[in-house]
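J.: File protein08.cif below, mmCIF, C-alpha atoms (C1' of nucleotides):
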data_target
#
loop_
_atom_site.label_atom_id
_atom_site.label_comp_id
_atom_site.auth_asym_id
_atom_site.auth_seq_id
_atom_site.Cartn_x
_atom_site.Cartn_y
_atom_site.Cartn_z
CA MET E 22 -52.15 -172.24 -6.19
CA GLY E 23 -52.43 -175.49 -7.92
CA ARG E 24 -49.73 -175.19 -10.39
CA GLN E 25 -48.18 -178.48 -11.29
CA GLY E 26 -45.02 -178.95 -13.19
CA TYR E 27 -43.30 -175.63 -13.42
CA VAL E 28 -40.75 -173.85 -11.33
CA GLY E 29 -41.97 -171.11 -9.03
CA GLU E 30 -39.91 -168.06 -8.34
CA PHE E 31 -38.54 -169.06 -4.99
CA GLU E 32 -37.87 -172.56 -6.23
CA GLN E 33 -35.89 -171.16 -9.09
CA MET E 34 -33.86 -168.98 -6.78
CA LEU E 35 -33.03 -171.90 -4.56
CA LEU E 36 -32.01 -174.08 -7.46
CA LEU E 37 -29.69 -171.39 -8.72
CA ALA E 38 -28.16 -170.81 -5.32
CA ALA E 39 -27.65 -174.55 -4.89
CA LEU E 40 -25.96 -174.75 -8.25
CA ARG E 41 -23.63 -171.97 -7.28
CA LEU E 42 -22.77 -173.31 -3.85
CA GLY E 43 -22.02 -176.84 -4.96
CA GLY E 44 -20.89 -178.97 -2.03
CA GLU E 45 -21.74 -176.17 0.36
CA ALA E 46 -25.40 -176.15 -0.55
CA TYR E 47 -27.35 -176.75 2.65
CA GLY E 48 -30.23 -174.95 4.34
CA VAL E 49 -28.66 -172.20 6.35
CA ARG E 50 -25.97 -171.50 3.82
CA LEU E 51 -28.51 -171.32 1.02
CA MET E 52 -30.53 -168.88 3.04
CA GLU E 53 -27.55 -166.59 3.54
CA GLU E 54 -26.51 -166.82 -0.08
CA LEU E 55 -29.98 -165.86 -1.18
CA GLU E 56 -30.27 -162.99 1.25
CA GLY E 57 -26.91 -161.69 0.14
CA ARG E 58 -27.76 -161.82 -3.52
CA ILE E 59 -31.29 -160.60 -3.68
CA GLY E 60 -31.11 -158.17 -0.82
CA ARG E 61 -34.13 -159.15 1.14
CA ARG E 62 -34.88 -161.28 4.14
CA VAL E 63 -35.49 -165.00 3.65
CA SER E 64 -36.83 -167.19 6.45
CA ARG E 65 -35.40 -170.58 7.35
CA GLY E 66 -38.77 -172.21 7.03
CA SER E 67 -39.22 -171.08 3.43
CA VAL E 68 -35.95 -172.65 2.51
CA TYR E 69 -36.46 -176.00 4.18
CA VAL E 70 -40.04 -176.44 3.10
CA THR E 71 -39.23 -175.55 -0.47
CA LEU E 72 -36.23 -177.83 -0.44
CA ASP E 73 -38.42 -180.69 0.75
CA ARG E 74 -40.95 -180.11 -1.97
CA MET E 75 -38.35 -179.97 -4.66
CA GLU E 76 -36.84 -183.19 -3.45
CA THR E 77 -40.25 -184.83 -3.69
CA LYS E 78 -40.56 -183.54 -7.21
CA GLY E 79 -37.15 -184.92 -8.02
CA TRP E 80 -35.52 -181.62 -8.82
CA ILE E 81 -32.90 -182.01 -6.13
CA ALA E 82 -31.36 -184.86 -4.16
CA SER E 83 -29.84 -184.60 -0.73
CA GLU E 84 -27.58 -186.47 1.62
CA ILE E 85 -26.34 -185.95 5.13
CA SER E 86 -22.82 -184.64 5.27
CA GLN E 87 -20.50 -186.98 7.16
CA SER E 88 -17.40 -185.02 8.00
CA SER E 89 -17.72 -182.18 10.43
CA PRO E 90 -14.31 -181.19 11.65
CA HIS E 91 -14.20 -178.43 14.21
CA ARG E 92 -17.69 -177.11 14.44
CA GLY E 93 -20.72 -177.65 16.56
CA GLY E 94 -24.17 -178.15 15.20
CA ARG E 95 -26.35 -180.70 13.66
CA PRO E 96 -25.08 -182.42 10.51
CA ARG E 97 -25.73 -180.60 7.29
CA ARG E 98 -28.03 -181.87 4.65
CA ILE E 99 -26.24 -181.21 1.40
CA VAL E 100 -28.35 -180.62 -1.62
CA ARG E 101 -27.62 -181.29 -5.26
CA VAL E 102 -29.58 -180.26 -8.34
CA THR E 103 -30.60 -183.29 -10.38
CA ALA E 104 -30.76 -183.56 -14.14
CA GLU E 105 -34.51 -182.99 -13.88
CA GLY E 106 -33.91 -179.87 -11.83
CA MET E 107 -31.49 -178.63 -14.46
CA ALA E 108 -34.03 -179.22 -17.18
CA GLU E 109 -36.68 -177.28 -15.27
CA LEU E 110 -34.25 -174.45 -14.77
CA ARG E 111 -33.54 -174.30 -18.47
CA LYS E 112 -37.21 -174.27 -19.32
CA SER E 113 -38.07 -171.51 -16.92
CA ARG E 114 -35.13 -169.44 -18.08
CA LEU E 115 -36.25 -169.76 -21.64
CA ALA E 116 -39.80 -168.74 -20.77
CA LEU E 117 -38.64 -165.72 -18.86
CA MET E 118 -36.27 -164.65 -21.62
CA THR E 119 -39.03 -164.95 -24.16
CA LEU E 120 -41.19 -162.66 -22.08
CA TRP E 121 -38.48 -160.14 -21.37
CA ASP E 122 -37.22 -160.05 -24.92
CA GLY E 123 -37.16 -156.51 -26.21
CA LEU E 124 -38.68 -154.98 -23.10
CA GLU E 125 -35.52 -154.01 -21.26
CA GLU E 126 -35.35 -150.58 -22.83
CA ALA E 127 -38.98 -149.77 -22.24
CA LEU E 128 -38.43 -150.62 -18.61
CA ASP E 129 -35.32 -148.55 -18.13
CA ALA E 130 -37.05 -145.64 -19.78
CA GLY E 131 -40.33 -145.78 -17.89
CA MET F 26 -47.93 -167.95 1.03
CA GLY F 27 -47.37 -164.87 2.93
CA ARG F 28 -44.85 -163.03 0.94
CA GLN F 29 -45.38 -159.31 0.94
CA GLY F 30 -43.80 -156.89 -1.39
CA TYR F 31 -42.19 -158.80 -4.16
CA VAL F 32 -43.33 -159.96 -7.53
CA GLY F 33 -44.33 -163.59 -7.91
CA GLU F 34 -43.60 -165.47 -11.07
CA PHE F 35 -47.03 -165.32 -12.59
CA GLU F 36 -47.37 -161.70 -11.61
CA GLN F 37 -44.13 -160.94 -13.37
CA MET F 38 -45.26 -162.71 -16.49
CA LEU F 39 -48.50 -160.77 -16.55
CA LEU F 40 -46.75 -157.45 -16.04
CA LEU F 41 -44.41 -158.19 -18.92
CA ALA F 42 -47.22 -159.26 -21.20
CA ALA F 43 -49.16 -156.12 -20.31
CA LEU F 44 -46.16 -153.98 -21.08
CA ARG F 45 -45.80 -155.61 -24.44
CA LEU F 46 -49.45 -155.40 -25.41
CA GLY F 47 -49.89 -151.76 -24.49
CA GLY F 48 -53.41 -150.58 -25.30
CA GLU F 49 -54.42 -154.13 -26.13
CA ALA F 50 -53.69 -155.41 -22.63
CA TYR F 51 -56.91 -156.92 -21.31
CA GLY F 52 -57.79 -160.26 -19.75
CA VAL F 53 -58.43 -162.60 -22.63
CA ARG F 54 -55.75 -161.07 -24.80
CA LEU F 55 -53.19 -161.30 -22.00
CA MET F 56 -54.06 -164.92 -21.52
CA GLU F 57 -53.49 -165.70 -25.18
CA GLU F 58 -50.26 -163.73 -25.29
CA LEU F 59 -48.94 -165.64 -22.30
CA GLU F 60 -49.95 -169.00 -23.64
CA GLY F 61 -48.30 -168.22 -26.91
CA ARG F 62 -45.06 -167.13 -25.38
CA ILE F 63 -44.51 -169.61 -22.61
CA GLY F 64 -46.06 -172.58 -24.30
CA ARG F 65 -48.34 -173.82 -21.60
CA ARG F 66 -51.97 -173.48 -20.71
CA VAL F 67 -53.12 -170.49 -18.66
CA SER F 68 -56.58 -170.31 -17.19
CA ARG F 69 -58.81 -167.24 -17.35
CA GLY F 70 -59.21 -167.25 -13.61
CA SER F 71 -55.50 -167.02 -12.96
CA VAL F 72 -55.31 -163.96 -15.12
CA TYR F 73 -58.26 -162.05 -13.72
CA VAL F 74 -57.59 -162.85 -10.10
CA THR F 75 -53.95 -161.94 -10.40
CA LEU F 76 -54.83 -158.76 -12.25
CA ASP F 77 -57.20 -157.79 -9.46
CA ARG F 78 -54.62 -158.42 -6.81
CA MET F 79 -51.99 -156.45 -8.61
CA GLU F 80 -54.35 -153.55 -9.00
CA THR F 81 -54.92 -153.59 -5.24
CA LYS F 82 -51.20 -153.48 -4.74
CA GLY F 83 -50.94 -150.57 -7.12
CA TRP F 84 -48.77 -152.29 -9.70
CA ILE F 85 -51.32 -151.82 -12.46
CA ALA F 86 -54.25 -149.52 -13.14
CA SER F 87 -57.22 -150.29 -15.36
CA GLU F 88 -60.04 -148.64 -17.17
CA ILE F 89 -62.97 -149.79 -19.23
CA SER F 90 -62.44 -149.41 -22.93
CA GLN F 91 -65.04 -147.15 -24.55
CA SER F 92 -64.81 -147.72 -28.28
CA SER F 93 -65.86 -151.08 -29.61
CA PRO F 94 -66.56 -150.84 -33.31
CA HIS F 95 -67.84 -153.98 -34.98
CA ARG F 96 -67.58 -156.68 -32.44
CA GLY F 97 -69.83 -158.26 -29.89
CA GLY F 98 -68.87 -158.85 -26.35
CA ARG F 99 -68.56 -157.17 -23.06
CA PRO F 100 -66.31 -154.08 -22.85
CA ARG F 101 -62.69 -154.72 -22.28
CA ARG F 102 -60.91 -153.69 -19.14
CA ILE F 103 -57.61 -152.31 -20.34
CA VAL F 104 -54.69 -152.61 -18.00
CA ARG F 105 -51.65 -150.40 -17.67
CA VAL F 106 -48.49 -151.00 -15.65
CA THR F 107 -47.97 -148.18 -13.14
CA ALA F 108 -44.66 -146.65 -12.12
CA GLU F 109 -44.74 -148.87 -9.02
CA GLY F 110 -45.27 -151.91 -11.20
CA MET F 111 -42.33 -150.90 -13.33
CA ALA F 112 -40.16 -150.50 -10.27
CA GLU F 113 -41.11 -153.97 -9.06
CA LEU F 114 -40.33 -155.38 -12.44
CA ARG F 115 -36.91 -153.80 -12.40
CA LYS F 116 -36.17 -155.11 -8.94
CA SER F 117 -37.16 -158.65 -9.74
CA ARG F 118 -35.20 -158.59 -12.97
CA LEU F 119 -32.12 -157.44 -11.14
CA ALA F 120 -32.51 -160.15 -8.51
CA LEU F 121 -32.92 -162.83 -11.13
CA MET F 122 -29.95 -161.62 -13.12
CA THR F 123 -27.80 -161.57 -10.03
CA LEU F 124 -28.71 -165.15 -9.33
CA TRP F 125 -28.23 -166.33 -12.88
CA ASP F 126 -24.98 -164.51 -13.36
CA GLY F 127 -22.26 -166.89 -14.45
CA LEU F 128 -24.43 -169.97 -14.27
CA GLU F 129 -25.62 -170.14 -17.85
CA GLU F 130 -22.72 -172.26 -19.01
CA ALA F 131 -22.95 -174.70 -16.14
CA LEU F 132 -26.56 -175.18 -17.05
CA ASP F 133 -26.07 -175.72 -20.73
CA ALA F 134 -23.38 -178.23 -19.95
CA GLY F 135 -25.22 -180.22 -17.27
"C1'" DG B 26 -86.56 -159.81 -28.93
"C1'" DT B 27 -83.43 -164.03 -29.34
"C1'" DA B 28 -79.19 -165.93 -30.47
"C1'" DT B 29 -74.25 -165.45 -30.70
"C1'" DT B 30 -70.00 -163.64 -29.45
"C1'" DT B 31 -66.54 -161.78 -26.44
"C1'" DA B 32 -65.26 -160.79 -22.21
"C1'" DT B 33 -65.32 -160.22 -17.18
"C1'" DC B 34 -66.59 -161.82 -12.55
"C1'" DA B 35 -67.29 -165.15 -8.67
"C1'" DT B 36 -65.76 -168.54 -5.78
"C1'" DA B 37 -64.09 -172.66 -4.09
"C1'" DC B 38 -59.96 -175.00 -3.90
"C1'" DA B 39 -54.85 -176.40 -4.15
"C1'" DA B 40 -50.22 -175.25 -3.75
"C1'" DA B 41 -46.42 -172.29 -2.48
"C1'" DG B 42 -44.17 -169.44 0.79
"C1'" DT B 43 -43.61 -167.26 5.74
"C1'" DC B 44 -42.73 -167.22 10.45
"C1'" DG B 45 -40.79 -168.37 14.75
"C1'" DG B 46 -40.26 -171.74 18.19
"C1'" DA B 47 -38.29 -176.02 19.35
"C1'" DA B 48 -35.63 -180.12 18.97
"C1'" DA B 49 -31.49 -182.50 17.27
"C1'" DA B 50 -26.68 -183.29 16.87
"C1'" DC B 51 -22.45 -181.79 17.43
"C1'" DT B 52 -18.00 -179.41 19.99
"C1'" DC B 53 -15.79 -177.45 23.90
"C1'" DC B 54 -14.77 -176.91 28.46
"C1'" DT B 55 -14.27 -178.20 33.20
"C1'" DA H 1 -19.54 -187.39 32.31
"C1'" DG H 2 -22.36 -183.26 32.39
"C1'" DG H 3 -23.54 -178.72 31.03
"C1'" DA H 4 -23.09 -174.70 27.97
"C1'" DG H 5 -22.97 -172.88 23.57
"C1'" DT H 6 -23.47 -173.49 18.40
"C1'" DT H 7 -25.17 -174.64 14.17
"C1'" DT H 8 -28.55 -176.60 11.70
"C1'" DT H 9 -32.73 -178.98 10.69
"C1'" DC H 10 -37.64 -179.84 11.59
"C1'" DC H 11 -42.54 -178.69 12.84
"C1'" DG H 12 -46.99 -176.72 12.31
"C1'" DA H 13 -50.18 -172.97 12.02
"C1'" DC H 14 -50.95 -169.34 8.98
"C1'" DT H 15 -51.21 -166.05 4.72
"C1'" DT H 16 -50.81 -165.24 -0.09
"C1'" DT H 17 -50.63 -166.69 -4.67
"C1'" DG H 18 -52.26 -169.39 -8.52
"C1'" DT H 19 -55.89 -172.73 -10.75
"C1'" DA H 20 -60.28 -174.22 -12.65
"C1'" DT H 21 -64.69 -173.55 -14.22
"C1'" DG H 22 -69.29 -172.08 -14.15
"C1'" DA H 23 -72.09 -168.04 -14.20
"C1'" DT H 24 -73.02 -163.51 -15.72
"C1'" DA H 25 -72.72 -159.20 -18.45
"C1'" DA H 26 -72.63 -156.31 -22.45
"C1'" DA H 27 -72.27 -155.75 -26.97
"C1'" DT H 28 -73.54 -157.08 -32.08
"C1'" DA H 29 -76.35 -159.52 -35.68
"C1'" DC H 30 -80.45 -161.21 -37.37
#
Have the structure of the file written as structure tokens, please.

T.:
Amino acid sequence: MGRQGYVGEFEQMLLLAALRLGGEAYGVRLMEELEGRIGRRVSRGSVYVTLDRMETKGWIASEISQSSPHRGGRPRRIVRVTAEGMAELRKSRLALMTLWDGLEEALDAG
Amino acid sequence: MGRQGYVGEFEQMLLLAALRLGGEAYGVRLMEELEGRIGRRVSRGSVYVTLDRMETKGWIASEISQSSPHRGGRPRRIVRVTAEGMAELRKSRLALMTLWDGLEEALDAG
DNA sequence: GTATTTATCATACAAAGTCGGAAAACTCCT
DNA sequence: AGGAGTTTTCCGACTTTGTATGATAAATAC
């Protein structure tokens, strides 16, 4: 692509899922949440790679979860949406709403 | 990427703009419409390439405009969103709404 | 015909997203 | 302690999507 400085679709979805999950926002869980909500398969790789990129861009921050009572498995990397991430989310929502505005009916009809 | 079978962000934007413009939906015009609505630069290439790809996928159909009274320039290729394109648009809207649901307040606050 | 305008096409490139295997870090059991 | 089973993250090769810009085409105006 070569887009710089706006939220892609998958990025947006991940940000929203992270926002919803709060302290439970880590890779695998995010993947499941997404799959459940949008009703299509999501691969692990997509999630982790996208998470990495968004962290680089400063839209999320992450830290390794310490406590892990009664479960196996590698420690979770918990993700949090930063203020920048929030701002991006607001922008992209606005853009989308501007584009959709007034078209809902036409769509339901056609 | 390697996604197959769901609308990307730019694709969605173009479909919506095309829907709105109706019989005026052709490359340059779509580009302007988009720029006006989302408030950022859009290159010609993005538009034409994405249009081509969506036509291959069957989400839009196009035909060369015949009439061209009083203006110079190459004939316009008018684009129309197909039933498949509409369906995709509906699906992606639903997915997005499901993800956004209940998060608007959290976002405005943060 | 030549210039001007409006628009599409070509194409090389950058970035985003997918996939599946493999390694890491932990718990449980014996 | 050692091995088995679990949960999760990481790796890397690949495909698709999106960007940028120069070239080309078709029409009008003079």

J.: Take the PyMOL selection byres ((chain F) within 6 of (chain E)), run it mentally on this structure, and tell me the resulting residues as a VMD selection string.

T.: chain F and resid 34 63 120

J.: With all Cα atoms paired residue by residue, do a least-squares superposition of chain F on chain E and hand back the transformed coordinates as a short mmCIF file (atom, residue, chain, number, x, y, z; two decimals) with C-alpha atoms, in the coordinates of the input.

T.:
data_model
loop_
_atom_site.label_atom_id
_atom_site.label_comp_id
_atom_site.auth_asym_id
_atom_site.auth_seq_id
_atom_site.Cartn_x
_atom_site.Cartn_y
_atom_site.Cartn_z
CA MET F 26 -52.05 -172.52 -5.91
CA GLY F 27 -52.40 -175.53 -7.96
CA ARG F 28 -49.75 -175.21 -10.52
CA GLN F 29 -48.14 -178.48 -11.42
CA GLY F 30 -44.95 -178.90 -13.28
CA TYR F 31 -43.26 -175.58 -13.46
CA VAL F 32 -40.75 -173.82 -11.31
CA GLY F 33 -42.02 -171.12 -8.97
CA GLU F 34 -39.97 -168.05 -8.29
CA PHE F 35 -38.62 -169.04 -4.93
CA GLU F 36 -37.94 -172.53 -6.17
CA GLN F 37 -35.94 -171.10 -9.03
CA MET F 38 -33.93 -168.93 -6.71
CA LEU F 39 -33.11 -171.87 -4.48
CA LEU F 40 -32.08 -174.05 -7.41
CA LEU F 41 -29.76 -171.34 -8.66
CA ALA F 42 -28.24 -170.77 -5.26
CA ALA F 43 -27.72 -174.51 -4.85
CA LEU F 44 -26.02 -174.70 -8.21
CA ARG F 45 -23.70 -171.91 -7.24
CA LEU F 46 -22.82 -173.26 -3.82
CA GLY F 47 -22.08 -176.79 -4.96
CA GLY F 48 -20.92 -178.94 -2.05
CA GLU F 49 -21.74 -176.13 0.35
CA ALA F 50 -25.43 -176.12 -0.54
CA TYR F 51 -27.35 -176.76 2.66
CA GLY F 52 -30.23 -175.00 4.39
CA VAL F 53 -28.67 -172.24 6.43
CA ARG F 54 -25.99 -171.52 3.87
CA LEU F 55 -28.55 -171.33 1.07
CA MET F 56 -30.58 -168.92 3.11
CA GLU F 57 -27.61 -166.62 3.63
CA GLU F 58 -26.58 -166.83 0.00
CA LEU F 59 -30.07 -165.85 -1.10
CA GLU F 60 -30.35 -163.01 1.34
CA GLY F 61 -27.03 -161.69 0.23
CA ARG F 62 -27.85 -161.80 -3.42
CA ILE F 63 -31.41 -160.60 -3.56
CA GLY F 64 -31.22 -158.17 -0.71
CA ARG F 65 -34.24 -159.16 1.27
CA ARG F 66 -34.98 -161.33 4.24
CA VAL F 67 -35.55 -165.05 3.75
CA SER F 68 -36.88 -167.24 6.52
CA ARG F 69 -35.45 -170.64 7.42
CA GLY F 70 -38.83 -172.24 7.03
CA SER F 71 -39.23 -171.10 3.45
CA VAL F 72 -35.95 -172.70 2.58
CA TYR F 73 -36.45 -176.05 4.25
CA VAL F 74 -40.04 -176.51 3.20
CA THR F 75 -39.29 -175.59 -0.37
CA LEU F 76 -36.26 -177.86 -0.38
CA ASP F 77 -38.40 -180.74 0.83
CA ARG F 78 -41.00 -180.15 -1.81
CA MET F 79 -38.46 -179.95 -4.56
CA GLU F 80 -36.90 -183.18 -3.42
CA THR F 81 -40.32 -184.84 -3.66
CA LYS F 82 -40.63 -183.54 -7.17
CA GLY F 83 -37.22 -184.90 -8.00
CA TRP F 84 -35.59 -181.57 -8.80
CA ILE F 85 -32.96 -181.98 -6.10
CA ALA F 86 -31.42 -184.84 -4.17
CA SER F 87 -29.83 -184.62 -0.74
CA GLU F 88 -27.55 -186.47 1.57
CA ILE F 89 -26.26 -185.98 5.07
CA SER F 90 -22.76 -184.64 5.20
CA GLN F 91 -20.38 -186.97 7.04
CA SER F 92 -17.26 -184.97 7.81
CA SER F 93 -17.55 -182.15 10.28
CA PRO F 94 -14.13 -181.22 11.58
CA HIS F 95 -14.03 -178.54 14.25
CA ARG F 96 -17.48 -177.20 14.51
CA GLY F 97 -20.52 -177.84 16.61
CA GLY F 98 -23.94 -178.31 15.24
CA ARG F 99 -26.16 -180.83 13.66
CA PRO F 100 -24.95 -182.48 10.43
CA ARG F 101 -25.66 -180.64 7.27
CA ARG F 102 -27.99 -181.94 4.64
CA ILE F 103 -26.23 -181.21 1.38
CA VAL F 104 -28.40 -180.63 -1.63
CA ARG F 105 -27.66 -181.27 -5.27
CA VAL F 106 -29.67 -180.22 -8.32
CA THR F 107 -30.69 -183.28 -10.35
CA ALA F 108 -30.86 -183.52 -14.13
CA GLU F 109 -34.62 -182.93 -13.86
CA GLY F 110 -33.99 -179.82 -11.80
CA MET F 111 -31.57 -178.58 -14.41
CA ALA F 112 -34.10 -179.17 -17.14
CA GLU F 113 -36.72 -177.19 -15.24
CA LEU F 114 -34.27 -174.40 -14.73
CA ARG F 115 -33.54 -174.26 -18.42
CA LYS F 116 -37.20 -174.21 -19.31
CA SER F 117 -38.05 -171.42 -16.93
CA ARG F 118 -35.07 -169.39 -18.07
CA LEU F 119 -36.14 -169.73 -21.66
CA ALA F 120 -39.70 -168.69 -20.83
CA LEU F 121 -38.52 -165.66 -18.93
CA MET F 122 -36.13 -164.62 -21.66
CA THR F 123 -38.84 -164.94 -24.26
CA LEU F 124 -41.05 -162.66 -22.24
CA TRP F 125 -38.35 -160.13 -21.51
CA ASP F 126 -37.05 -160.05 -25.03
CA GLY F 127 -37.04 -156.53 -26.38
CA LEU F 128 -38.60 -155.00 -23.31
CA GLU F 129 -35.48 -153.98 -21.44
CA GLU F 130 -35.29 -150.57 -23.04
CA ALA F 131 -38.94 -149.77 -22.50
CA LEU F 132 -38.41 -150.56 -18.87
CA ASP F 133 -35.32 -148.49 -18.36
CA ALA F 134 -37.06 -145.59 -20.02
CA GLY F 135 -40.38 -145.78 -18.16
#

J.: Find the residues in chain E near chain H: any atom within 12 Å counts, using all atoms listed in the file. Write them as JSON, numbers by chain.

T.: {"E": [22, 23, 24, 25, 27, 29, 30, 47, 48, 49, 50, 51, 52, 65, 66, 68, 69, 70, 72, 73, 85, 86, 89, 91, 92, 93, 94, 95, 96, 97, 98, 99]}

J.: Tell me the residues of chain B close to chain F, meaning within 9 Å using all atoms listed in the file, as a ChimeraX atom specification.

T.: /B:29-34,41-43

J.: Which distance in Å separates atom CA of E:Gly43 and atom C1' of B:DT52, to one decimal?

T.: 25.4 Å

J.: Grab the atom CA of F:Ala86 to atom C1' of B:DC38 distance for me, in Å with one decimal place.

T.: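 Computing the Euclidean distance for atom CA of F:Ala86 and atom C1' of B:DC38 yields 27.7 Å.
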
J.: By how many Å are atom CA of E:Gln87 and atom CA of E:Met75 apart?

T.: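 Here the two named atoms are 22.5 Å from each other.
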
J.: Considering only C-alpha atoms (C1' of nucleotides), can you say which of E:Val100, E:Gly57, E:Glu109, E:Arg74 comes closest to B:DA40?

T.: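 Going through E:Val100, E:Gly57, E:Glu109, E:Arg74 one by one, the smallest distance to B:DA40 is for E:Arg74.
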
J.: Hey, which of E:Gly44, E:Glu32, E:Ser64, E:Ala39 ends up closest to B:DG45? Count all atoms listed in the file.

T.: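 That would be E:Ser64, the residue with the smallest distance to B:DG45.
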